[in-house]
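File shown here: input-v7.cif, holding mmCIF, C-alpha atoms and all ligand atoms.
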```cif
data_protein
#
loop_
_atom_site.label_atom_id
_atom_site.label_comp_id
_atom_site.auth_asym_id
_atom_site.auth_seq_id
_atom_site.Cartn_x
_atom_site.Cartn_y
_atom_site.Cartn_z
CA MET A 1 29.31 -51.49 55.35
CA SER A 2 31.31 -49.31 57.69
CA LEU A 3 34.21 -47.07 56.90
CA VAL A 4 37.37 -48.71 58.12
CA PHE A 5 40.72 -46.98 58.00
CA ARG A 6 42.76 -50.13 58.27
CA ASN A 7 45.83 -48.37 59.54
CA PHE A 8 43.80 -45.92 61.61
CA PRO A 9 41.41 -48.05 63.66
CA LYS A 10 40.54 -45.27 66.06
CA TYR A 11 38.65 -43.42 63.36
CA LEU A 12 35.43 -45.37 63.11
CA GLY A 13 32.93 -42.73 62.02
CA CYS A 14 31.45 -42.79 58.58
CA ARG A 15 30.44 -39.58 56.88
CA LEU A 16 29.88 -41.02 53.42
CA LYS A 17 26.47 -42.14 52.22
CA GLU A 18 27.96 -45.29 50.83
CA CYS A 19 30.70 -46.44 53.14
CA LYS A 20 33.58 -48.46 51.82
CA VAL A 21 36.61 -50.08 53.27
CA MET A 22 39.45 -47.63 53.06
CA GLU A 23 43.09 -48.42 53.31
CA PHE A 24 45.32 -45.45 53.78
CA THR A 25 49.09 -45.59 53.74
CA LYS A 26 49.47 -42.14 55.30
CA ALA A 27 47.27 -39.83 57.36
CA ILE A 28 48.51 -36.33 56.59
CA LEU A 29 47.54 -33.40 58.76
CA VAL A 30 47.35 -30.43 56.40
CA THR A 31 47.09 -27.31 58.55
CA GLY A 32 45.55 -24.21 56.97
CA GLY A 33 43.96 -26.25 54.18
CA ALA A 34 41.07 -23.79 53.82
CA GLY A 35 43.45 -20.95 52.98
CA PHE A 36 44.76 -19.83 49.61
CA ILE A 37 47.67 -22.24 49.13
CA GLY A 38 46.28 -24.98 51.36
CA ASN A 39 43.23 -25.65 49.17
CA HIS A 40 45.45 -26.18 46.13
CA VAL A 41 47.66 -28.60 48.09
CA ILE A 42 44.63 -30.56 49.30
CA ARG A 43 43.10 -30.68 45.81
CA LEU A 44 46.36 -31.94 44.27
CA PHE A 45 47.02 -34.56 46.97
CA SER A 46 43.42 -35.74 47.15
CA LYS A 47 43.34 -36.49 43.42
CA LYS A 48 46.88 -37.77 43.04
CA TYR A 49 47.10 -39.90 46.18
CA PRO A 50 43.80 -41.69 46.85
CA ASN A 51 45.63 -43.84 49.40
CA TYR A 52 46.52 -40.86 51.61
CA LEU A 53 44.00 -39.61 54.14
CA LEU A 54 44.07 -35.80 54.15
CA VAL A 55 42.99 -34.23 57.40
CA ASN A 56 42.43 -30.53 56.81
CA ALA A 57 42.86 -28.80 60.17
CA ASP A 58 41.92 -25.17 60.00
CA ALA A 59 40.61 -22.64 62.52
CA LEU A 60 38.66 -20.85 59.76
CA THR A 61 39.92 -17.38 60.56
CA TYR A 62 38.84 -14.61 58.16
CA ALA A 63 41.36 -16.14 55.67
CA GLY A 64 39.98 -19.68 55.81
CA ASN A 65 37.17 -20.42 53.41
CA LEU A 66 35.69 -23.89 53.00
CA GLU A 67 33.96 -22.78 49.80
CA ASN A 68 37.45 -23.10 48.30
CA LEU A 69 37.16 -26.86 48.74
CA GLN A 70 33.62 -27.58 47.54
CA ASP A 71 34.93 -29.79 44.73
CA VAL A 72 36.98 -31.87 47.20
CA GLU A 73 34.82 -32.02 50.32
CA HIS A 74 33.10 -35.28 49.38
CA ALA A 75 36.28 -37.09 48.38
CA SER A 76 36.66 -40.31 50.34
CA ASN A 77 40.23 -39.43 51.37
CA TYR A 78 39.40 -35.99 52.79
CA VAL A 79 38.14 -34.88 56.19
CA PHE A 80 37.85 -31.47 57.79
CA GLU A 81 38.55 -30.65 61.42
CA ARG A 82 37.97 -27.17 62.76
CA LEU A 83 41.07 -26.75 64.87
CA ASP A 84 43.10 -23.87 66.22
CA ILE A 85 46.74 -24.98 66.18
CA THR A 86 47.37 -23.01 69.37
CA ASP A 87 44.93 -25.35 71.17
CA GLU A 88 47.32 -27.96 72.56
CA LYS A 89 44.60 -30.36 73.67
CA GLY A 90 42.75 -30.10 70.35
CA VAL A 91 45.95 -30.79 68.41
CA ALA A 92 46.65 -33.87 70.57
CA GLU A 93 43.12 -35.15 69.98
CA VAL A 94 43.37 -34.82 66.19
CA PHE A 95 46.76 -36.56 66.14
CA GLY A 96 45.26 -39.41 68.17
CA LYS A 97 41.96 -39.64 66.30
CA TYR A 98 43.55 -40.10 62.88
CA GLU A 99 46.94 -41.51 63.90
CA ILE A 100 48.58 -38.70 62.01
CA SER A 101 51.67 -39.97 60.19
CA ASP A 102 52.81 -36.73 58.52
CA VAL A 103 52.22 -33.00 58.71
CA ILE A 104 52.16 -30.39 55.96
CA HIS A 105 52.02 -27.19 57.97
CA LEU A 106 50.59 -24.17 56.16
CA ALA A 107 48.36 -22.57 58.81
CA ALA A 108 49.54 -19.07 59.55
CA GLU A 109 48.57 -15.48 59.75
CA SER A 110 49.95 -14.40 56.39
CA HIS A 111 49.27 -10.75 55.62
CA VAL A 112 52.10 -8.27 56.26
CA ASP A 113 49.77 -5.27 56.66
CA ARG A 114 47.76 -7.07 59.33
CA SER A 115 50.99 -8.01 61.11
CA ILE A 116 51.83 -4.33 61.34
CA GLU A 117 48.41 -3.66 62.90
CA ASN A 118 48.37 -6.65 65.22
CA PRO A 119 51.76 -8.39 65.67
CA LEU A 120 50.75 -10.56 68.65
CA GLU A 121 48.19 -12.54 66.66
CA PHE A 122 51.09 -13.49 64.36
CA LEU A 123 53.33 -14.57 67.20
CA LYS A 124 50.55 -16.69 68.63
CA THR A 125 49.63 -18.65 65.52
CA ASN A 126 52.91 -18.65 63.63
CA VAL A 127 55.31 -19.27 66.51
CA LEU A 128 53.34 -20.85 69.36
CA GLY A 129 51.08 -22.78 66.96
CA THR A 130 54.09 -24.23 65.15
CA GLY A 131 55.69 -25.12 68.48
CA ILE A 132 52.56 -26.98 69.60
CA LEU A 133 52.43 -28.99 66.36
CA LEU A 134 56.13 -29.85 66.59
CA ASN A 135 55.77 -30.95 70.19
CA GLN A 136 52.79 -33.14 69.40
CA ALA A 137 54.57 -34.71 66.41
CA LYS A 138 57.55 -35.47 68.65
CA LYS A 139 55.29 -37.06 71.28
CA SER A 140 53.25 -39.07 68.77
CA TRP A 141 56.10 -40.31 66.57
CA GLY A 142 58.91 -40.84 69.09
CA ASN A 143 61.92 -42.18 67.19
CA VAL A 144 59.93 -44.26 64.73
CA ASN A 145 61.00 -43.79 61.09
CA GLY A 146 58.75 -43.01 58.15
CA HIS A 147 57.18 -39.77 59.36
CA LYS A 148 57.63 -36.25 58.01
CA PHE A 149 56.90 -32.76 59.34
CA TYR A 150 56.90 -30.38 56.38
CA HIS A 151 56.94 -26.70 57.31
CA VAL A 152 55.81 -24.30 54.58
CA SER A 153 57.51 -20.93 54.87
CA THR A 154 58.24 -17.74 52.99
CA ASP A 155 61.16 -16.02 51.28
CA GLU A 156 60.38 -12.95 53.42
CA VAL A 157 62.48 -14.48 56.25
CA TYR A 158 65.58 -13.48 54.25
CA GLY A 159 64.77 -9.76 54.42
CA SER A 160 65.01 -7.29 51.57
CA LEU A 161 67.31 -7.28 48.52
CA GLY A 162 68.76 -4.31 46.63
CA SER A 163 68.55 -4.19 42.86
CA ILE A 164 70.75 -7.27 42.36
CA GLY A 165 71.20 -10.68 43.98
CA LEU A 166 68.95 -13.60 44.84
CA PHE A 167 67.98 -15.37 48.07
CA THR A 168 69.65 -18.78 48.33
CA GLU A 169 69.15 -21.37 51.07
CA GLU A 170 72.38 -20.02 52.63
CA THR A 171 71.22 -16.39 52.82
CA SER A 172 71.19 -15.22 56.45
CA TYR A 173 67.80 -14.59 57.98
CA ASP A 174 66.96 -10.88 58.28
CA PRO A 175 63.20 -10.58 58.72
CA ARG A 176 61.89 -7.04 58.90
CA SER A 177 58.11 -7.22 59.43
CA PRO A 178 56.25 -8.87 62.32
CA TYR A 179 54.95 -11.41 59.77
CA SER A 180 58.37 -12.36 58.45
CA ALA A 181 59.87 -12.30 61.95
CA SER A 182 57.19 -14.74 63.15
CA LYS A 183 57.79 -17.04 60.16
CA ALA A 184 61.57 -16.85 60.72
CA SER A 185 61.03 -17.81 64.38
CA SER A 186 58.91 -20.77 63.32
CA ASP A 187 61.58 -21.90 60.82
CA HIS A 188 64.19 -21.78 63.60
CA LEU A 189 61.95 -23.81 65.91
CA VAL A 190 61.41 -26.44 63.22
CA ARG A 191 65.19 -26.75 62.70
CA ALA A 192 65.71 -26.88 66.47
CA TYR A 193 63.39 -29.92 66.68
CA PHE A 194 65.42 -31.60 63.95
CA HIS A 195 68.77 -30.98 65.60
CA THR A 196 67.70 -31.52 69.20
CA PHE A 197 65.09 -34.25 68.91
CA LYS A 198 65.79 -35.68 65.43
CA LEU A 199 62.24 -34.86 64.39
CA PRO A 200 62.08 -35.64 60.63
CA ILE A 201 61.49 -32.18 59.19
CA VAL A 202 61.80 -30.42 55.88
CA ILE A 203 61.25 -26.70 55.15
CA SER A 204 60.54 -24.69 52.02
CA ASN A 205 60.70 -20.93 51.57
CA CYS A 206 58.60 -19.70 48.70
CA SER A 207 58.15 -16.40 46.89
CA ASN A 208 54.81 -14.58 46.40
CA ASN A 209 52.03 -16.82 45.07
CA TYR A 210 49.17 -15.81 42.81
CA GLY A 211 46.15 -17.55 41.30
CA PRO A 212 42.60 -18.66 42.14
CA TYR A 213 41.13 -18.41 45.67
CA GLN A 214 43.50 -15.75 47.05
CA PHE A 215 41.86 -13.51 49.62
CA PRO A 216 41.40 -10.04 48.08
CA GLU A 217 43.50 -8.26 50.68
CA LYS A 218 46.66 -9.29 48.79
CA LEU A 219 47.82 -7.19 45.86
CA ILE A 220 46.68 -9.21 42.81
CA PRO A 221 43.10 -10.14 43.80
CA LEU A 222 42.64 -6.73 45.44
CA VAL A 223 43.56 -4.98 42.19
CA ILE A 224 41.39 -7.28 40.04
CA ASN A 225 38.42 -6.80 42.39
CA ASN A 226 38.88 -3.02 42.42
CA ILE A 227 39.12 -2.84 38.63
CA ILE A 228 35.88 -4.84 38.30
CA LYS A 229 34.21 -2.45 40.74
CA LYS A 230 35.81 0.65 39.15
CA LYS A 231 37.49 1.54 42.44
CA ALA A 232 40.91 3.20 42.88
CA LEU A 233 43.95 0.91 42.68
CA PRO A 234 46.19 1.62 45.69
CA VAL A 235 49.91 1.29 44.97
CA TYR A 236 52.14 1.71 48.01
CA GLY A 237 54.98 4.25 47.82
CA ASP A 238 56.38 4.72 44.32
CA GLY A 239 55.43 1.21 43.15
CA THR A 240 59.04 0.15 42.45
CA ASN A 241 59.08 -2.67 45.04
CA VAL A 242 59.76 -6.01 43.39
CA ARG A 243 58.21 -9.41 44.08
CA ASP A 244 58.94 -12.78 42.41
CA TRP A 245 55.53 -14.21 41.49
CA LEU A 246 54.76 -17.94 41.38
CA TRP A 247 51.57 -19.58 40.05
CA VAL A 248 49.99 -21.16 43.14
CA GLU A 249 49.53 -24.60 41.55
CA ASP A 250 53.29 -24.64 40.91
CA HIS A 251 53.80 -24.10 44.63
CA ALA A 252 51.53 -27.09 45.26
CA THR A 253 53.58 -29.30 42.89
CA ALA A 254 56.77 -28.10 44.59
CA ILE A 255 55.28 -29.08 47.97
CA ASP A 256 54.40 -32.50 46.52
CA THR A 257 57.97 -32.92 45.23
CA ILE A 258 59.60 -31.83 48.50
CA PHE A 259 57.20 -33.84 50.65
CA HIS A 260 58.10 -37.02 48.74
CA HIS A 261 61.72 -36.44 47.76
CA GLY A 262 63.12 -33.67 49.97
CA LYS A 263 66.00 -34.67 52.23
CA LEU A 264 65.22 -34.59 55.95
CA GLY A 265 66.62 -31.54 57.71
CA GLU A 266 66.98 -29.61 54.44
CA THR A 267 65.53 -26.33 53.23
CA TYR A 268 64.40 -25.69 49.65
CA ASN A 269 63.74 -22.30 48.10
CA ILE A 270 60.82 -22.14 45.65
CA GLY A 271 60.39 -19.28 43.19
CA GLY A 272 58.83 -18.34 39.89
CA GLU A 273 61.82 -16.61 38.21
CA ASN A 274 59.24 -13.94 37.54
CA GLU A 275 60.28 -10.61 39.04
CA LEU A 276 58.01 -7.62 38.55
CA GLN A 277 57.82 -4.17 40.05
CA ASN A 278 54.42 -3.64 41.68
CA ILE A 279 53.58 -0.85 39.28
CA GLU A 280 54.45 -3.02 36.24
CA LEU A 281 52.29 -5.80 37.61
CA VAL A 282 49.34 -3.49 38.29
CA ARG A 283 49.59 -2.11 34.74
CA ILE A 284 49.60 -5.64 33.29
CA LEU A 285 46.49 -6.49 35.31
CA CYS A 286 44.78 -3.27 34.17
CA LYS A 287 45.41 -4.16 30.53
CA ILE A 288 44.19 -7.75 30.85
CA VAL A 289 41.02 -6.89 32.82
CA ASP A 290 40.09 -3.99 30.52
CA GLU A 291 40.48 -6.27 27.48
CA LYS A 292 38.47 -9.10 29.01
CA LEU A 293 35.68 -6.76 30.12
CA GLY A 294 35.65 -4.98 26.77
CA ARG A 295 36.37 -1.62 28.40
CA PRO A 296 38.24 1.17 26.56
CA LYS A 297 42.05 0.85 26.59
CA GLY A 298 43.64 2.62 29.56
CA SER A 299 40.47 3.00 31.62
CA ALA A 300 41.68 0.94 34.60
CA GLU A 301 45.17 2.44 34.54
CA LYS A 302 43.70 5.90 35.09
CA THR A 303 42.51 4.74 38.52
CA ILE A 304 46.00 3.83 39.81
CA THR A 305 46.58 5.84 42.98
CA PHE A 306 49.92 6.07 44.74
CA VAL A 307 49.24 5.87 48.48
CA THR A 308 51.31 6.14 51.67
CA ASP A 309 53.96 3.44 51.74
CA ARG A 310 53.76 0.38 53.99
CA LYS A 311 55.87 0.80 57.16
CA GLY A 312 59.26 -0.89 56.67
CA HIS A 313 58.26 -1.96 53.14
CA ASP A 314 60.76 -4.56 51.84
CA GLN A 315 62.17 -3.36 48.51
CA ARG A 316 62.80 -6.58 46.62
CA TYR A 317 62.41 -10.33 47.00
CA ALA A 318 63.89 -12.74 44.44
CA ILE A 319 64.57 -16.45 44.74
CA ASP A 320 67.37 -18.67 43.51
CA ALA A 321 65.45 -21.93 43.04
CA SER A 322 68.37 -23.89 41.57
CA LYS A 323 68.48 -26.37 44.48
CA ILE A 324 64.94 -27.71 44.05
CA ILE A 325 65.29 -27.57 40.25
CA GLY A 326 68.71 -29.29 40.19
CA GLU A 327 68.30 -31.80 43.03
CA LEU A 328 64.60 -32.64 42.88
CA GLY A 329 63.75 -31.93 39.23
CA TRP A 330 60.87 -29.51 39.96
CA LYS A 331 60.24 -26.50 37.80
CA PRO A 332 57.44 -23.95 37.46
CA SER A 333 54.98 -24.89 34.72
CA THR A 334 53.26 -21.58 34.13
CA GLN A 335 54.69 -18.54 32.41
CA PRO A 336 53.82 -15.21 34.07
CA ILE A 337 51.76 -13.79 31.20
CA ASP A 338 49.67 -16.98 30.92
CA GLY A 339 49.37 -17.15 34.71
CA MET A 340 48.15 -13.56 35.04
CA ALA A 341 45.62 -14.08 32.24
CA LYS A 342 44.38 -17.35 33.85
CA THR A 343 44.12 -15.57 37.21
CA VAL A 344 42.08 -12.68 35.83
CA GLU A 345 39.81 -15.12 33.98
CA TRP A 346 39.23 -17.09 37.18
CA TYR A 347 38.23 -14.01 39.21
CA LEU A 348 35.98 -12.76 36.42
CA LYS A 349 34.28 -16.16 36.19
CA ASN A 350 33.97 -16.47 39.93
CA THR A 351 32.41 -13.16 40.87
CA PRO A 352 30.01 -14.90 43.34
CA TRP A 353 33.11 -16.17 45.19
CA LEU A 354 34.54 -12.63 45.23
CA GLU A 355 31.20 -11.27 46.44
CA HIS A 356 30.98 -13.85 49.23
CA VAL A 357 34.51 -13.13 50.34
CA THR A 358 34.18 -9.37 50.29
CA SER A 359 30.76 -9.41 51.99
CA GLY A 360 31.77 -11.97 54.62
CA ASP A 361 29.06 -14.45 53.52
CA TYR A 362 31.63 -17.21 53.05
CA GLN A 363 31.86 -17.44 56.84
CA LYS A 364 28.32 -18.86 56.94
CA TYR A 365 29.32 -21.79 54.74
CA TYR A 366 30.86 -23.79 57.56
CA GLU A 367 27.69 -23.66 59.66
CA GLN A 368 25.55 -24.65 56.67
CA GLN A 369 27.80 -27.38 55.37
CA TYR A 370 29.06 -28.86 58.64
CA LYS A 371 25.97 -28.35 60.82
CA GLN A 372 26.36 -31.60 62.74
CA SER A 373 30.04 -31.23 63.55
CA ALA A 374 30.00 -27.45 64.10
CA LYS A 375 31.70 -26.60 67.38
P1 LIG B 1 46.15 -17.75 54.01
O1 LIG B 1 46.16 -16.59 54.94
O2 LIG B 1 45.39 -17.66 52.74
O3 LIG B 1 45.62 -19.05 54.77
C1 LIG B 1 46.01 -19.35 56.07
C2 LIG B 1 45.07 -20.44 56.60
O4 LIG B 1 45.49 -20.75 57.93
C3 LIG B 1 43.61 -20.00 56.67
O5 LIG B 1 42.77 -21.02 56.18
C4 LIG B 1 43.37 -19.78 58.16
O6 LIG B 1 42.03 -20.04 58.56
C5 LIG B 1 44.33 -20.78 58.77
N1 LIG B 1 44.75 -20.40 60.12
C6 LIG B 1 45.18 -19.19 60.55
N2 LIG B 1 45.41 -19.24 61.88
C7 LIG B 1 45.16 -20.50 62.29
C8 LIG B 1 45.23 -21.17 63.53
N3 LIG B 1 45.59 -20.55 64.65
N4 LIG B 1 44.91 -22.50 63.57
C9 LIG B 1 44.52 -23.14 62.45
N5 LIG B 1 44.39 -22.55 61.26
C10 LIG B 1 44.72 -21.25 61.17
O7 LIG B 1 47.68 -18.06 53.74
P2 LIG B 1 48.37 -18.67 52.44
O8 LIG B 1 48.69 -17.57 51.52
O9 LIG B 1 47.59 -19.84 51.96
O10 LIG B 1 49.74 -19.17 53.06
C11 LIG B 1 49.86 -20.51 53.58
C12 LIG B 1 51.27 -20.69 54.09
O11 LIG B 1 52.20 -20.45 53.06
C13 LIG B 1 51.64 -19.72 55.23
O12 LIG B 1 52.38 -20.43 56.17
C14 LIG B 1 52.47 -18.65 54.55
O13 LIG B 1 53.40 -18.11 55.45
C15 LIG B 1 53.15 -19.47 53.46
N6 LIG B 1 53.52 -18.71 52.25
C16 LIG B 1 52.58 -17.95 51.60
C17 LIG B 1 52.95 -17.28 50.44
C18 LIG B 1 51.95 -16.46 49.65
O14 LIG B 1 52.35 -15.78 48.69
N7 LIG B 1 50.67 -16.48 49.97
C19 LIG B 1 54.27 -17.37 49.95
C20 LIG B 1 55.18 -18.16 50.65
C21 LIG B 1 54.79 -18.84 51.79
P1 LIG B 2 51.11 -8.45 49.28
O1 LIG B 2 50.23 -9.06 48.24
O2 LIG B 2 50.51 -7.95 50.54
O3 LIG B 2 52.28 -9.49 49.56
P2 LIG B 2 53.67 -9.30 50.39
O4 LIG B 2 53.60 -8.09 51.20
O5 LIG B 2 53.70 -10.55 51.22
O6 LIG B 2 54.75 -9.27 49.34
O7 LIG B 2 51.86 -7.23 48.59
C1 LIG B 2 52.63 -7.40 47.42
C2 LIG B 2 53.30 -6.08 47.10
O8 LIG B 2 52.28 -5.14 46.73
C3 LIG B 2 54.02 -5.46 48.29
O9 LIG B 2 55.20 -4.81 47.82
C4 LIG B 2 53.04 -4.44 48.83
C5 LIG B 2 52.30 -4.01 47.59
N1 LIG B 2 50.89 -3.61 47.77
C6 LIG B 2 50.43 -2.41 47.22
O10 LIG B 2 51.19 -1.65 46.59
N2 LIG B 2 49.11 -2.09 47.37
C7 LIG B 2 48.25 -2.89 48.07
O11 LIG B 2 47.04 -2.52 48.21
C8 LIG B 2 48.73 -4.12 48.61
C9 LIG B 2 47.82 -5.03 49.39
C10 LIG B 2 50.05 -4.45 48.43
#
```

Please lay out the structure from this file as C-alpha cells.
Ligand code: NAD
Ligand code: TYD
Amino acid sequence: MSLVFRNFPKYLGCRLKECKVMEFTKAILVTGGAGFIGNHVIRLFSKKYPNYLLVNADALTYAGNLENLQDVEHASNYVFERLDITDEKGVAEVFGKYEISDVIHLAAESHVDRSIENPLEFLKTNVLGTGILLNQAKKSWGNVNGHKFYHVSTDEVYGSLGSIGLFTEETSYDPRSPYSASKASSDHLVRAYFHTFKLPIVISNCSNNYGPYQFPEKLIPLVINNIIKKKALPVYGDGTNVRDWLWVEDHATAIDTIFHHGKLGETYNIGGENELQNIELVRILCKIVDEKLGRPKGSAEKTITFVTDRKGHDQRYAIDASKIIGELGWKPSTQPIDGMAKTVEWYLKNTPWLEHVTSGDYQKYYEQQYKQSAK
C-alpha cells in the first residue's frame, strides 16, 4: 500500500514501514520545529491533530536538535525537512512538495547575547527569512481563503519597563537589542503583508519560556547545568532585572488556541503572570537542585557570581495577557513553583541530553537518523 496524502498528491514518497492511506485536512509548515519551543508545538499538534500533516522545516543551526523530537519522529503525520528559511528556492520547493496550507513560523536566531556578538546573522534569518516565507505564502495562496500564517514573536519588541506597568498589544515598539530589533522588523513585515496583500496573518508576542529541551545558553538551563557540574553561576549586573516566565507547554497551548481561534490581522500577548528578578530565580533554582541532589543547604548559592552586565540589558519585561485570556479563553496551566521543580527534575533525569548538547554530539544525530535524506 502506498502513502497517499489525498489533499497533497504531489507528495508520493513513503517513509513508513507500513504505509497507509492518509487524509490530511491541513499541511502546516512549522519552521524551527527542532528548537526549544518548536518541539513542544510539534509534539502537541502531532498528538492532538492526527489529520494535520506537520512539516518541520529547520536548518538545524546549533540551536536545532532533532533528539528533541525522538518521540514524535515516527508519527504518521510528521515529516522533517532540513531547510534554511533564507533559501528562497528551497522554501518554494517545500511549499510545492507538501502543498503547504498554513505556516507556524518559529525559526529564528533567539539568543540576545549572540545577537550582540553577531547582529547580521539575526537580520538574515529573522528579517530576510521571514520575508521569504511571507512572499512564498502570498505566491502559493493567492487570495484563496482558509490559510493562515502565524508568526511567533517575543515581548522583547516592546523594549524595557521600569518597576511598574505591563506590555499590552497597544504598547509602542521600542526594541533595544539586535535580537529584539530583528524580531520587531519581522513583526512589521508580517503586518505589512496583511495590510498590503491581505495575507491571512496572526502574531503573538510571548514572554520568557522555560522547561524541557531549552538550550543551556539561556539562563535557566545554564544555571541548572552549572549547579550539577559545581560551576560558578553567572548573574549579569546586580541581578535585579525582571523577566515574566512562562512554562513552555503553556506557550504551545496558547499557539494552538491562537492558530485555531485568533482573529486574522490581530496580535496576542502571551505571558505567565510570573515575574521574578534574575537573582530570585537563580536562588530558587539553587534551592531546588540542592534538595533534589541531596547536597547541603546553601551549597549552590555560594557559587553565585555577579559578572559584567549585558550591553544594553533590558531591565524588566512583563506581559498583560488579558486579551488572549478574555477573548480566546486561554490561561497558563502551570504555577511557577511547580514549573521550576518540573524543569529541574527534567534536566536531572535527562543528563545524557545535557551532555550531548554541551559536547556538541547532538549535531551527529541528524546524519545518523536521516542518512538517506541528508543533504
Ligand atoms: P531556539 O533558538 O531554541 O530555536 C530556533 C530554531 O530555529 C532552531 O531549531 C534553529 O535550528 C532554527 N533556525 C534558526 N535559523 C534558521 C534558519 N535560517 N532556517 C531554518 N531554521 C532556522 O528558539 P526558541 O526559544 O524555540 O524560539 C522560537 C521562536 O519563539 C523564536 O521566533 C523566538 O523569537 C520566539 N520566542 C522565544 C521565547 C523564548 O523564551 N525562548 C519567548 C518568546 C518568543
Ligand atoms: P536569557 O535566558 O538569555 O533570556 P532573555 O535575554 O531573552 O530575557 O536571559 C534571561 C535573563 O537572565 C536576562 O536578564 C539576562 C540574564 N542572564 C544572566 O544573568 N546570566 C546568564 O548567564 C544569562 C544567560 C542570562

Item to check | Spatial sel., origin (53.2, -2.9, 51.0), limit 6 Å, all atoms listed in the file, listed as a PyMOL selection string | outcome: chain A and resi 236+310+313

Those residues with C-alpha atoms, as a PDB file, in the coordinates of the input please?
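part26.pdb, freshly written:
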```pdb
ATOM      1  CA  TYR A 236      52.140   1.710  48.010  1.00  0.00           C
ATOM      2  CA  ARG A 310      53.760   0.380  53.990  1.00  0.00           C
ATOM      3  CA  HIS A 313      58.260  -1.960  53.140  1.00  0.00           C
TER       4      HIS A 313
END
```

Exercise on stretch 238-246 of chain A, axis-aligned box with 4 Å per side, report centre and edge lengths in Å to one decimal, as lines of an AutoDock Vina configuration file:
```
center_x = 57.3
center_y = -6.6
center_z = 43.2
size_x = 13.0
size_y = 30.7
size_z = 11.7
```

Checklist entry - Quick one: distance from atom CA of A:Lys26 to atom CA of A:Leu53 in Å, one decimal? => result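 Interatomic distance here is 6.1 Å.
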
Checklist entry - Which value, in Å to one decimal, gives the distance between atom C7 of ligand LIG 1 (chain B) and atom CA of A:Gly90? => result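 Straight-line distance from atom C7 of ligand LIG 1 (chain B) to atom CA of A:Gly90 works out to 12.8 Å.
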
Checklist entry - Which residue out of A:Arg243, A:His40, A:Lys148, A:His195 has the minimum interatomic distance to A:Ser163 when only C-alpha atoms are used? => result A:Arg243

Next on the checklist: as a ChimeraX atom specification, please: every protein or nucleic acid residue near ligand LIG 1 (chain B) (cut-off 6 Å, counting only C-alpha atoms and all ligand atoms).
Outcome noted: /A:32-38,58-61,63-64,83-86,106-110,125,152-154,206-209

Can I get the selected residues back with C-alpha atoms, as a compact mmCIF listing (two decimals), keeping the file's coordinate frame?
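Saved as again-v1.txt:
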```txt
# COMPACT_ATOMS: atom_id res chain seq x y z
CA GLY A 32 45.55 -24.21 56.97
CA GLY A 33 43.96 -26.25 54.18
CA ALA A 34 41.07 -23.79 53.82
CA GLY A 35 43.45 -20.95 52.98
CA PHE A 36 44.76 -19.83 49.61
CA ILE A 37 47.67 -22.24 49.13
CA GLY A 38 46.28 -24.98 51.36
CA ASP A 58 41.92 -25.17 60.00
CA ALA A 59 40.61 -22.64 62.52
CA LEU A 60 38.66 -20.85 59.76
CA THR A 61 39.92 -17.38 60.56
CA ALA A 63 41.36 -16.14 55.67
CA GLY A 64 39.98 -19.68 55.81
CA LEU A 83 41.07 -26.75 64.87
CA ASP A 84 43.10 -23.87 66.22
CA ILE A 85 46.74 -24.98 66.18
CA THR A 86 47.37 -23.01 69.37
CA LEU A 106 50.59 -24.17 56.16
CA ALA A 107 48.36 -22.57 58.81
CA ALA A 108 49.54 -19.07 59.55
CA GLU A 109 48.57 -15.48 59.75
CA SER A 110 49.95 -14.40 56.39
CA THR A 125 49.63 -18.65 65.52
CA VAL A 152 55.81 -24.30 54.58
CA SER A 153 57.51 -20.93 54.87
CA THR A 154 58.24 -17.74 52.99
CA CYS A 206 58.60 -19.70 48.70
CA SER A 207 58.15 -16.40 46.89
CA ASN A 208 54.81 -14.58 46.40
CA ASN A 209 52.03 -16.82 45.07
```

Next on the checklist: Using all atoms listed in the file for the distances, tell me which of A:Ile319, A:Leu166, A:Ile284, A:Val112 is nearest to ligand LIG 2 (chain B).
Outcome noted: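 Residue with the minimum atom-to-atom distance to ligand LIG 2 (chain B): A:Val112.
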
Item to check | Surroundings of ligand LIG 2 (chain B) up to 6 Å, based on only C-alpha atoms and all ligand atoms, as a list in words | outcome: His111, Val112, Glu217, Lys218, Leu219, Pro234, Val235, Tyr236, Asn241 and Asn278 of chain A

For those residues, write C-alpha atoms to a file as a CSV table (one decimal), in the frame of the given file.
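This is the output file out_33.csv:
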```
chain,number,residue,atom,x,y,z
A,111,HIS,CA,49.3,-10.8,55.6
A,112,VAL,CA,52.1,-8.3,56.3
A,217,GLU,CA,43.5,-8.3,50.7
A,218,LYS,CA,46.7,-9.3,48.8
A,219,LEU,CA,47.8,-7.2,45.9
A,234,PRO,CA,46.2,1.6,45.7
A,235,VAL,CA,49.9,1.3,45.0
A,236,TYR,CA,52.1,1.7,48.0
A,241,ASN,CA,59.1,-2.7,45.0
A,278,ASN,CA,54.4,-3.6,41.7
```

Checklist entry - What does the distance between atom CA of A:Glu367 and atom CA of A:Trp353 come to in Å, to one decimal place? => result 17.2 Å

Counting all atoms listed in the file, find the residues whose atoms lie at most 10 Å from (40.8, -13.7, 45.3) (file coordinates) and write them out as a short mmCIF file (atom, residue, chain, number, x, y, z; two decimals) with C-alpha atoms, in the frame of the given file.
```
data_model
loop_
_atom_site.label_atom_id
_atom_site.label_comp_id
_atom_site.auth_asym_id
_atom_site.auth_seq_id
_atom_site.Cartn_x
_atom_site.Cartn_y
_atom_site.Cartn_z
CA PHE A 36 44.76 -19.83 49.61
CA TYR A 210 49.17 -15.81 42.81
CA GLY A 211 46.15 -17.55 41.30
CA PRO A 212 42.60 -18.66 42.14
CA TYR A 213 41.13 -18.41 45.67
CA GLN A 214 43.50 -15.75 47.05
CA PHE A 215 41.86 -13.51 49.62
CA PRO A 216 41.40 -10.04 48.08
CA GLU A 217 43.50 -8.26 50.68
CA LYS A 218 46.66 -9.29 48.79
CA LEU A 219 47.82 -7.19 45.86
CA ILE A 220 46.68 -9.21 42.81
CA PRO A 221 43.10 -10.14 43.80
CA LEU A 222 42.64 -6.73 45.44
CA VAL A 223 43.56 -4.98 42.19
CA ILE A 224 41.39 -7.28 40.04
CA ASN A 225 38.42 -6.80 42.39
CA THR A 343 44.12 -15.57 37.21
CA VAL A 344 42.08 -12.68 35.83
CA TRP A 346 39.23 -17.09 37.18
CA TYR A 347 38.23 -14.01 39.21
CA ASN A 350 33.97 -16.47 39.93
CA THR A 351 32.41 -13.16 40.87
CA TRP A 353 33.11 -16.17 45.19
CA LEU A 354 34.54 -12.63 45.23
CA GLU A 355 31.20 -11.27 46.44
CA VAL A 357 34.51 -13.13 50.34
CA THR A 358 34.18 -9.37 50.29
#
```
